[in-house]
$ cat my_file_10.cif   # mmCIF, C-alpha atoms and all ligand atoms
data_start
#
loop_
_atom_site.label_atom_id
_atom_site.label_comp_id
_atom_site.auth_asym_id
_atom_site.auth_seq_id
_atom_site.Cartn_x
_atom_site.Cartn_y
_atom_site.Cartn_z
CA MET A 1 23.06 42.26 165.05
CA SER A 2 26.14 42.11 162.85
CA ASP A 3 27.41 39.12 160.92
CA PHE A 4 31.08 38.48 161.72
CA TYR A 5 31.65 36.77 158.38
CA GLU A 6 30.15 39.70 156.55
CA ILE A 7 32.25 42.20 158.52
CA LEU A 8 35.40 40.36 157.48
CA GLY A 9 34.08 39.69 153.98
CA VAL A 10 34.77 35.95 154.08
CA GLU A 11 32.71 32.83 153.38
CA LYS A 12 31.20 30.85 156.24
CA GLY A 13 33.68 28.03 155.85
CA ALA A 14 36.72 30.33 155.55
CA SER A 15 40.05 28.96 156.81
CA LYS A 16 42.09 30.75 159.46
CA ASP A 17 44.50 31.90 156.78
CA GLU A 18 41.66 33.44 154.82
CA ILE A 19 40.31 35.14 157.94
CA LYS A 20 43.75 36.46 158.81
CA SER A 21 44.32 37.87 155.38
CA ALA A 22 40.84 39.41 155.27
CA PHE A 23 41.40 41.01 158.68
CA ARG A 24 44.77 42.28 157.62
CA LYS A 25 43.38 43.88 154.50
CA LYS A 26 40.48 45.57 156.25
CA ALA A 27 42.31 46.54 159.43
CA ARG A 28 44.79 48.73 157.69
CA THR A 29 42.14 50.71 155.84
CA LEU A 30 39.94 51.06 158.93
CA HIS A 31 42.56 51.91 161.53
CA PRO A 32 41.54 55.27 163.00
CA ASP A 33 45.02 56.61 162.39
CA VAL A 34 44.57 56.03 158.69
CA ASN A 35 40.86 56.41 158.26
CA LYS A 36 39.53 59.70 159.52
CA ALA A 37 35.87 58.84 158.96
CA PRO A 38 33.87 59.39 162.17
CA ASP A 39 32.75 55.77 162.36
CA ALA A 40 36.16 54.30 161.58
CA GLU A 41 37.01 53.48 165.19
CA ALA A 42 33.66 51.75 165.79
CA LYS A 43 34.07 49.75 162.60
CA PHE A 44 37.64 48.90 163.49
CA LYS A 45 36.54 47.57 166.88
CA GLU A 46 33.82 45.51 165.25
CA LEU A 47 36.35 44.09 162.84
CA GLY A 48 38.61 43.20 165.77
CA LYS A 49 35.75 41.45 167.53
CA ALA A 50 34.84 39.46 164.43
CA TYR A 51 38.47 38.47 163.91
CA GLU A 52 39.03 37.51 167.52
CA THR A 53 35.88 35.34 167.59
CA LEU A 54 36.44 33.52 164.32
CA MET A 55 40.10 32.76 165.09
CA ASP A 56 39.12 30.95 168.31
CA ASP A 57 37.74 27.48 167.49
CA ASN A 58 35.49 27.34 170.56
CA LYS A 59 34.08 30.81 170.11
CA ARG A 60 33.60 30.27 166.42
CA ALA A 61 31.69 27.02 166.94
CA THR A 62 29.42 28.70 169.49
CA TYR A 63 28.92 31.69 167.24
CA ASP A 64 28.11 29.50 164.22
CA ARG A 65 25.40 27.67 166.16
CA TYR A 66 23.91 30.36 168.37
CA GLY A 67 25.11 33.71 167.03
CA GLU A 68 26.45 36.60 169.06
CA ASP A 69 23.87 36.14 171.83
CA GLY A 70 25.00 32.54 172.14
CA LEU A 71 28.54 33.74 172.84
CA LYS A 72 27.30 35.93 175.67
CA ASN A 73 25.19 33.12 177.09
CA ALA A 74 28.14 30.75 176.91
CA GLY A 75 30.05 33.13 179.12
CA PHE A 76 32.42 34.42 176.47
CA ASN A 77 33.31 38.05 176.81
CA THR A 78 31.93 39.16 173.48
CA GLY A 79 33.84 42.37 173.59
CA GLY A 80 36.92 40.19 173.70
CA PRO A 81 39.92 42.27 174.59
CA PHE A 82 38.26 45.21 172.93
CA ASP A 83 35.97 46.22 175.75
CA GLY A 84 39.02 47.39 177.58
CA GLY A 85 39.51 50.34 175.31
CA PHE A 86 41.34 51.24 172.22
CA GLY A 87 44.81 50.53 173.58
CA ASP A 88 44.08 46.81 173.85
CA LEU A 89 42.96 46.68 170.28
CA ASN A 90 46.14 48.41 169.25
CA ASP A 91 48.11 45.65 170.93
CA ILE A 92 46.36 43.06 168.80
CA PHE A 93 46.82 45.21 165.78
CA ASN A 94 50.52 45.64 166.48
CA SER A 95 51.11 41.98 167.23
CA PHE A 96 49.34 41.17 164.01
CA PHE A 97 51.25 43.59 161.86
CA GLY A 98 54.50 43.33 163.72
CA GLY A 99 54.53 47.09 164.26
CA PHE A 100 52.63 48.92 161.62
CA GLY A 101 55.22 51.12 159.96
CA GLY A 102 54.74 54.78 160.57
CA PHE A 103 52.38 54.57 163.53
CA GLY A 104 53.75 55.46 166.89
CA PHE A 105 51.22 53.69 169.04
CA GLY A 106 51.72 50.50 170.94
CA GLY A 107 54.39 51.97 173.19
CA GLY A 108 57.24 49.60 172.46
CA ARG A 109 58.64 51.29 169.40
CA GLN A 110 61.76 53.36 169.65
CA ASP A 111 61.95 56.02 166.97
CA PRO A 112 58.81 56.37 164.87
CA ASN A 113 60.81 58.28 162.30
CA ALA A 114 63.33 55.49 161.79
CA PRO A 115 63.14 53.57 158.50
CA GLN A 116 60.69 50.70 158.71
CA VAL A 117 60.72 47.68 156.45
CA GLY A 118 57.34 47.10 154.77
CA ASP A 119 55.19 44.10 155.61
CA ASP A 120 55.67 40.76 153.88
CA LEU A 121 52.68 39.60 151.89
CA ARG A 122 51.32 36.27 150.80
CA ALA A 123 49.67 35.29 147.52
CA ASP A 124 48.22 31.89 146.69
CA VAL A 125 48.55 30.28 143.27
CA GLU A 126 46.99 27.07 142.04
CA ILE A 127 48.92 24.92 139.57
CA THR A 128 48.31 21.51 138.01
CA PHE A 129 50.18 18.37 138.94
CA GLU A 130 52.11 18.45 135.68
CA GLU A 131 53.02 22.14 136.13
CA ALA A 132 54.50 21.29 139.54
CA VAL A 133 56.52 18.48 137.98
CA PHE A 134 57.93 20.36 135.02
CA GLY A 135 57.77 23.99 136.19
CA VAL A 136 55.78 26.81 134.63
CA ASN A 137 55.60 30.58 134.34
CA LYS A 138 52.55 31.95 136.14
CA GLU A 139 50.97 35.34 136.47
CA VAL A 140 50.34 36.33 140.09
CA LYS A 141 47.84 39.02 141.02
CA PHE A 142 47.99 40.65 144.45
CA ASP A 143 47.34 43.90 146.29
CA HIS A 144 50.19 45.71 147.99
CA LEU A 145 50.87 49.13 149.42
CA GLU A 146 52.96 51.43 147.26
CA LEU A 147 54.30 54.84 148.11
CA CYS A 148 51.71 57.39 147.07
CA PRO A 149 52.78 58.75 143.68
CA GLU A 150 51.08 62.08 144.44
CA CYS A 151 52.97 63.03 147.62
CA GLY A 152 55.90 60.61 147.32
CA GLY A 153 55.02 59.06 150.66
CA THR A 154 55.02 62.17 152.87
CA GLY A 155 51.23 62.18 153.18
CA ALA A 156 51.18 65.96 152.79
CA GLU A 157 49.36 67.72 149.98
CA LYS A 158 51.62 68.72 147.08
CA GLY A 159 53.36 71.98 147.82
CA SER A 160 52.77 71.68 151.57
CA LYS A 161 54.93 70.16 154.25
CA PRO A 162 54.21 68.42 157.53
CA ILE A 163 54.25 70.91 160.41
CA THR A 164 55.86 70.52 163.82
CA CYS A 165 53.40 68.92 166.22
CA PRO A 166 52.00 71.58 168.55
CA THR A 167 51.30 69.09 171.34
CA CYS A 168 54.84 67.82 171.82
CA GLY A 169 56.74 70.58 170.08
CA GLY A 170 58.28 68.09 167.69
CA SER A 171 59.88 65.80 170.26
CA GLY A 172 57.29 63.07 169.64
CA GLN A 173 57.05 62.44 173.38
CA VAL A 174 54.89 63.66 176.19
CA GLN A 175 55.53 63.51 179.93
CA THR A 176 52.89 62.60 182.41
CA VAL A 177 53.33 62.60 186.15
CA ALA A 178 51.63 59.87 188.12
CA ARG A 179 51.27 60.45 191.84
CA THR A 180 51.29 57.29 193.92
CA PRO A 181 51.69 56.60 197.64
CA LEU A 182 55.34 55.90 196.90
CA GLY A 183 55.90 59.24 195.27
CA ALA A 184 55.51 60.89 191.92
CA PHE A 185 56.65 59.07 188.80
CA THR A 186 57.32 60.75 185.55
CA GLN A 187 56.30 58.69 182.60
CA ILE A 188 57.39 59.42 179.07
CA SER A 189 55.12 58.12 176.34
CA PRO A 190 54.68 58.72 172.63
CA CYS A 191 52.75 61.87 171.83
CA PRO A 192 49.12 60.89 171.23
CA ASP A 193 48.63 63.76 168.81
CA CYS A 194 51.35 62.86 166.28
CA HIS A 195 51.91 59.24 167.42
CA GLY A 196 55.50 60.00 168.21
CA THR A 197 56.57 61.36 164.86
CA GLY A 198 56.82 64.96 166.06
CA GLN A 199 55.12 66.08 162.89
CA LYS A 200 51.57 66.63 161.83
CA ILE A 201 50.07 66.94 158.42
CA SER A 202 47.78 69.93 158.26
CA ASN A 203 47.01 69.49 154.58
CA PRO A 204 46.67 65.76 153.92
CA CYS A 205 47.36 64.52 150.41
CA LYS A 206 44.08 63.94 148.60
CA VAL A 207 45.17 60.74 146.95
CA CYS A 208 46.36 58.82 150.02
CA LYS A 209 44.42 60.82 152.67
CA GLY A 210 47.66 61.52 154.51
CA TYR A 211 48.77 57.92 154.82
CA GLY A 212 51.60 58.23 152.29
CA LYS A 213 50.78 54.86 150.73
CA ILE A 214 48.07 53.55 148.52
CA GLU A 215 46.86 50.03 147.94
CA LYS A 216 47.45 48.90 144.41
CA GLU A 217 46.75 45.74 142.47
CA LYS A 218 49.81 44.35 140.82
CA LYS A 219 50.44 41.55 138.34
CA ILE A 220 53.80 39.90 137.96
CA GLU A 221 54.99 36.78 136.22
CA ILE A 222 56.90 34.31 138.35
CA LYS A 223 58.94 31.34 137.27
CA ILE A 224 57.91 28.22 139.16
CA PRO A 225 60.78 25.73 139.01
CA ALA A 226 60.35 22.04 138.18
CA GLY A 227 59.83 19.78 141.18
CA VAL A 228 57.85 22.07 143.51
CA ASP A 229 55.24 20.44 145.72
CA ASN A 230 52.00 21.42 147.40
CA HIS A 231 52.56 24.36 149.81
CA SER A 232 55.99 25.20 148.41
CA LYS A 233 56.72 28.90 148.84
CA ILE A 234 58.44 31.21 146.37
CA ARG A 235 59.84 34.47 147.72
CA VAL A 236 59.63 37.49 145.47
CA SER A 237 61.90 40.09 146.97
CA GLY A 238 60.60 43.66 147.33
CA GLU A 239 57.02 42.99 146.18
CA GLY A 240 55.49 43.23 149.65
CA ASP A 241 54.20 46.48 151.16
CA ALA A 242 56.25 49.65 150.76
CA GLY A 243 58.38 50.57 153.77
CA SER A 244 58.12 53.78 155.79
CA ASN A 245 60.60 56.60 156.28
CA GLY A 246 62.76 55.26 153.47
CA GLY A 247 62.71 51.65 154.68
CA ARG A 248 62.74 48.95 152.02
CA ALA A 249 59.62 47.14 150.87
CA GLY A 250 58.70 43.74 152.33
CA ASP A 251 58.69 40.53 150.31
CA LEU A 252 55.91 38.62 148.62
CA TYR A 253 55.60 34.92 149.38
CA VAL A 254 53.77 32.96 146.72
CA VAL A 255 52.30 29.79 148.21
CA LEU A 256 51.66 27.05 145.67
CA HIS A 257 48.63 24.80 145.74
CA VAL A 258 49.05 21.76 143.52
CA LYS A 259 45.82 20.26 142.20
CA PRO A 260 45.87 16.51 142.76
CA SER A 261 46.08 14.31 139.68
CA ASP A 262 43.48 11.62 138.95
CA TYR A 263 46.22 9.33 137.71
CA TYR A 264 49.38 10.00 139.72
CA THR A 265 50.02 10.08 143.41
CA ARG A 266 53.25 11.63 144.54
CA ASP A 267 55.64 10.76 147.32
CA GLY A 268 58.54 13.20 147.26
CA ALA A 269 60.18 12.75 143.88
CA ASP A 270 58.54 9.38 143.15
CA VAL A 271 55.16 9.02 141.44
CA TYR A 272 52.84 6.04 141.79
CA THR A 273 50.18 4.79 139.38
CA LYS A 274 47.85 1.81 139.48
CA LEU A 275 47.64 -0.84 136.80
CA GLU A 276 44.97 -3.52 136.51
CA ILE A 277 45.82 -6.67 134.61
CA SER A 278 43.91 -9.89 133.94
CA PRO A 279 44.79 -13.25 135.53
CA ALA A 280 45.90 -14.40 132.08
CA GLN A 281 48.30 -11.44 131.71
CA ALA A 282 49.63 -12.16 135.20
CA ALA A 283 50.15 -15.85 134.48
CA LEU A 284 51.61 -15.50 131.00
CA GLY A 285 53.32 -12.10 131.20
CA ASP A 286 52.69 -9.30 128.72
CA GLU A 287 54.02 -6.12 127.19
CA ILE A 288 51.75 -3.12 127.66
CA VAL A 289 51.85 0.65 127.11
CA VAL A 290 51.41 2.95 130.12
CA LYS A 291 51.14 6.72 130.42
CA THR A 292 54.17 8.30 132.11
CA LEU A 293 55.17 11.91 132.77
CA ASP A 294 57.27 11.70 129.61
CA GLY A 295 54.50 10.23 127.46
CA GLU A 296 53.56 6.66 126.66
CA GLN A 297 56.04 3.94 127.41
CA LYS A 298 56.20 0.16 126.89
CA VAL A 299 56.42 -1.87 130.07
CA GLN A 300 57.14 -5.60 130.50
CA ILE A 301 54.94 -7.62 132.81
CA HIS A 302 56.85 -10.74 133.73
CA ALA A 303 55.05 -14.07 133.79
CA GLY A 304 53.88 -14.98 137.30
CA ILE A 305 53.56 -11.42 138.58
CA GLN A 306 51.50 -11.29 141.78
CA ASN A 307 48.77 -8.98 142.95
CA GLY A 308 50.40 -5.96 144.66
CA ASN A 309 53.77 -6.38 142.91
CA THR A 310 55.37 -3.21 141.55
CA ILE A 311 57.11 -2.33 138.31
CA LYS A 312 59.61 0.50 138.52
CA ILE A 313 60.48 2.86 135.66
CA ARG A 314 63.65 4.58 136.77
CA ASN A 315 64.11 8.36 136.36
CA ALA A 316 60.56 8.88 135.17
CA GLY A 317 59.43 10.61 138.38
CA VAL A 318 59.59 14.25 139.48
CA PRO A 319 62.79 16.31 139.08
CA ILE A 320 64.48 16.91 142.43
CA LEU A 321 64.11 20.61 143.23
CA SER A 322 67.67 21.13 144.47
CA ARG A 323 69.21 18.88 141.76
CA PRO A 324 66.98 19.31 138.69
CA SER A 325 69.06 16.93 136.56
CA GLN A 326 68.01 14.06 138.83
CA ARG A 327 64.56 12.59 138.97
CA GLY A 328 62.61 10.17 141.11
CA ASP A 329 61.05 6.95 139.80
CA HIS A 330 57.65 6.01 138.41
CA ILE A 331 56.32 3.04 140.33
CA ILE A 332 53.46 1.01 138.90
CA VAL A 333 51.42 -0.94 141.44
CA VAL A 334 49.85 -4.00 139.82
CA THR A 335 46.39 -5.28 140.67
CA VAL A 336 45.31 -8.62 139.19
CA LYS A 337 41.65 -8.17 138.45
CA ILE A 338 39.52 -11.29 138.75
CA PRO A 339 36.69 -11.13 136.21
CA THR A 340 33.18 -10.99 137.66
CA LYS A 341 31.37 -11.58 134.36
CA LEU A 342 32.45 -14.22 131.90
CA SER A 343 31.48 -14.75 128.29
CA GLU A 344 30.51 -18.23 127.18
CA GLN A 345 33.93 -18.76 125.65
CA GLU A 346 35.77 -17.50 128.73
CA ARG A 347 33.68 -19.72 130.99
CA ASN A 348 34.64 -22.76 128.88
CA LEU A 349 38.31 -21.85 128.99
CA TYR A 350 38.26 -21.36 132.76
CA LYS A 351 36.45 -24.70 133.08
CA GLN A 352 39.17 -26.38 131.09
CA LEU A 353 41.75 -24.83 133.40
CA TYR A 354 39.81 -26.02 136.40
CA GLU A 355 39.43 -29.56 135.10
CA LEU A 356 43.08 -29.70 134.27
CA LYS A 357 43.84 -29.02 137.92
CA SER A 358 41.25 -31.58 139.13
CA GLU A 359 42.61 -34.25 136.81
CA LYS A 360 46.06 -33.69 138.21
CA LYS A 361 44.72 -34.12 141.72
CA GLU A 362 42.74 -37.23 140.84
CA SER A 363 45.65 -38.90 139.18
CA LEU A 364 47.74 -38.20 142.25
CA MET A 365 45.01 -39.69 144.46
CA ASP A 366 44.93 -42.79 142.27
CA LYS A 367 48.63 -43.27 142.74
CA VAL A 368 48.36 -42.83 146.48
CA LYS A 369 45.47 -45.29 146.62
CA GLY A 370 47.49 -47.79 144.58
CA VAL A 371 50.25 -47.80 147.16
CA PHE A 372 47.95 -48.64 150.04
CA GLN A 373 45.76 -51.23 148.31
ZN ZN B 401 49.75 60.96 148.98
ZN ZN B 402 53.28 65.34 168.91
#

$ encode --input "my_file_10.cif" --output "structure tokens"
Amino acid sequence: MSDFYEILGVEKGASKDEIKSAFRKKARTLHPDVNKAPDAEAKFKELGKAYETLMDDNKRATYDRYGEDGLKNAGFNTGGPFDGGFGDLNDIFNSFFGGFGGFGFGGGRQDPNAPQVGDDLRADVEITFEEAVFGVNKEVKFDHLELCPECGGTGAEKGSKPITCPTCGGSGQVQTVARTPLGAFTQISPCPDCHGTGQKISNPCKVCKGYGKIEKEKKIEIKIPAGVDNHSKIRVSGEGDAGSNGGRAGDLYVVLHVKPSDYYTRDGADVYTKLEISPAQAALGDEIVVKTLDGEQKVQIHAGIQNGNTIKIRNAGVPILSRPSQRGDHIIVVTVKIPTKLSEQERNLYKQLYELKSEKKESLMDKVKGVFQ
């Protein structure tokens, strides 16, 4: 019995995005058109099954609790669409990759020799709250496909050239005749031998195994502008996968994940912080120092401030991404903290306050009594 998580190389709690990206990475090295190992197709199908199961919430929940047998017992077709044969799996593969450049399968593609733009890629980068506010330069590491430096992308061993496909004679198409009660129909489909390219590589390049591209780790430094927020995307043009047949490379999208701050919460360009003050500070007013994005700053608490009131420091929030010279505000939310433990001295002072109030009441009562006596 195989473990779907292991097949995909993800953790048990992996998100759909993580599963997608793991599938993507493995699928393109295991596709039987790329990988000529005898067990590649079987492995590719297994990968497809694992992907299909884990992307479906119901199937995944069943699988997590009862395993693969549980899926069968629950009436799920465990082969998914993959029992139907390799063509079905190719459909998934193609829908996933949006037409894998250079491969002629899937049927819908016009000219397999036409230039194909490379796939876009995604990289995730974590930054701190302050880095999001003020911007930062970050190194991003990712894997992308580059044209094979050995064969320059042809896939043919140095000094050799692709040969004309013997099956289709270089046209890239084959004709089949289907006889039906309504007559014979001629169907033209991409040549299964060369996948519609009309060419075959008899001597595959040793570096890329005939694929023409190799996966390479790359590091680049990107400039993250001030004011970005969680899940902001930065497009790095041309750093996606290499194209095919002279097509340009795809783009890299860097998705930012901003670590929450213990102190600030953010709402657009405004930041909020909490401030606890004593009843005495609230009643008398005070001047205190608070931490802001620009460092420490003196803030006036006016006498009589109430629990839940706010103090606004203008232009001390986050720079606005599209207008970096403008900033949001820093809003301080005040909580008046009632003491739960009192020192002897404090207790006496509170008592005095209390008695002061009672005396006032009593003297008022005396006056009222006087009127009615
Ligand atoms: Zn090569
Ligand atoms: Zn052919």

$ residues_near_point --input "my_file_10.cif" --point "(47.5, -5.1, 136.9)" --cutoff "10 Å" --atoms "all atoms listed in the file" --output "NGL selection string"
:A and (274-279 or 281-282 or 301 or 305-310 or 332-337)

$ residues_near_ligand --input "my_file_10.cif" --ligand "ligand ZN 401 (chain B)" --cutoff "8 Å" --atoms "all atoms listed in the file" --output "JSON, numbers by chain"
{"A": [147, 148, 149, 150, 151, 152, 153, 154, 155, 156, 157, 204, 205, 206, 207, 208, 209, 210, 211, 212, 213, 214]}

$ atom_distance --input "my_file_10.cif" --atom1 "atom CA of Phe44 of chain A" --atom2 "atom CA of Pro32 of chain A"
7.5 Å

$ residues_around --input "my_file_10.cif" --residues "Ser15 of chain A" --least-positions-apart "4" --cutoff "12 Å" --atoms "all atoms listed in the file" --output "list in words"
Tyr5, Val10, Glu11, Ile19, Lys20, Ser21, Ala22, Tyr51, Leu54, Met55, Asp56, Asp57 and Arg60 of chain A

$ atom_distance --input "my_file_10.cif" --atom1 "atom CA of Thr265 of chain A" --atom2 "atom CA of Lys138 of chain A"
23.2 Å

$ closest_atom_pairs --input "my_file_10.cif" --of "chain A" --to "ligand ZN 402 (chain B)" --cutoff "7 Å" --atoms "all atoms listed in the file" --output "Markdown table"
| residue | atom | partner | partner_atom | distance |
| --- | --- | --- | --- | --- |
| A:Cys165 | CA | B:ZN402 | ZN | 4.5 |
| A:Pro166 | CA | B:ZN402 | ZN | 6.4 |
| A:Thr167 | CA | B:ZN402 | ZN | 4.9 |
| A:Cys168 | CA | B:ZN402 | ZN | 4.1 |
| A:Gly169 | CA | B:ZN402 | ZN | 6.4 |
| A:Gly170 | CA | B:ZN402 | ZN | 5.8 |
| A:Ser171 | CA | B:ZN402 | ZN | 6.8 |
| A:Gly172 | CA | B:ZN402 | ZN | 4.7 |
| A:Gln173 | CA | B:ZN402 | ZN | 6.5 |
| A:Cys191 | CA | B:ZN402 | ZN | 4.6 |
| A:Pro192 | CA | B:ZN402 | ZN | 6.5 |
| A:Asp193 | CA | B:ZN402 | ZN | 4.9 |
| A:Cys194 | CA | B:ZN402 | ZN | 4.1 |
| A:His195 | CA | B:ZN402 | ZN | 6.4 |
| A:Gly196 | CA | B:ZN402 | ZN | 5.8 |
| A:Thr197 | CA | B:ZN402 | ZN | 6.6 |
| A:Gly198 | CA | B:ZN402 | ZN | 4.6 |
| A:Gln199 | CA | B:ZN402 | ZN | 6.3 |

$ residues_around --input "my_file_10.cif" --residues "segment 123-131 of chain A" --least-positions-apart "4" --cutoff "6 Å" --atoms "all atoms listed in the file" --output "compact mmCIF listing (two decimals) with C-alpha atoms, in the frame of the given file"
# COMPACT_ATOMS: atom_id res chain seq x y z
CA GLY A 135 57.77 23.99 136.19
CA VAL A 136 55.78 26.81 134.63
CA VAL A 254 53.77 32.96 146.72
CA VAL A 255 52.30 29.79 148.21
CA LEU A 256 51.66 27.05 145.67
CA HIS A 257 48.63 24.80 145.74
CA VAL A 258 49.05 21.76 143.52
CA LYS A 259 45.82 20.26 142.20
CA SER A 261 46.08 14.31 139.68

$ closest_residue --input "my_file_10.cif" --among "A:Ala40, A:Leu356, A:Ala226, A:Ala61" --to "Ala74 of chain A" --atoms "all atoms listed in the file"
A:Ala61

$ closest_residue --input "my_file_10.cif" --among "A:Gly48, A:Ala242, A:Lys360, A:Val140" --to "Ile222 of chain A" --atoms "only C-alpha atoms"
A:Val140

$ closest_residue --input "my_file_10.cif" --among "A:Ile331, A:Asp366, A:Gly227, A:Tyr350" --to "Val133 of chain A" --atoms "only C-alpha atoms"
A:Gly227

$ atom_distance --input "my_file_10.cif" --atom1 "atom CA of Ile311 of chain A" --atom2 "atom CA of His330 of chain A"
8.4 Å

$ residues_around --input "my_file_10.cif" --residues "segment 324-326 of chain A" --least-positions-apart "3" --cutoff "9 Å" --atoms "only C-alpha atoms" --output "list in words"
Pro225, Ala226, Gly227, Asn315, Val318, Pro319, Ile320 and Leu321 of chain A

$ closest_residue --input "my_file_10.cif" --among "A:Lys291, A:Glu346, A:Gln297, A:Phe134" --to "Arg327 of chain A" --atoms "only C-alpha atoms"
A:Phe134

$ axis_aligned_box --input "my_file_10.cif" --around "segment 245-255 of chain A" --padding-each-side "3 Å" --output "AutoDock Vina command-line options"
--center_x 57.5 --center_y 43.2 --center_z 151.5 --size_x 16.5 --size_y 32.8 --size_z 15.6

$ residues_near_point --input "my_file_10.cif" --point "(55.4, -1.5, 128.3)" --cutoff "7 Å" --atoms "only C-alpha atoms" --output "compact mmCIF listing (two decimals) with C-alpha atoms, in the coordinates of the input"
# COMPACT_ATOMS: atom_id res chain seq x y z
CA GLU A 287 54.02 -6.12 127.19
CA ILE A 288 51.75 -3.12 127.66
CA VAL A 289 51.85 0.65 127.11
CA VAL A 290 51.41 2.95 130.12
CA GLN A 297 56.04 3.94 127.41
CA LYS A 298 56.20 0.16 126.89
CA VAL A 299 56.42 -1.87 130.07
CA GLN A 300 57.14 -5.60 130.50
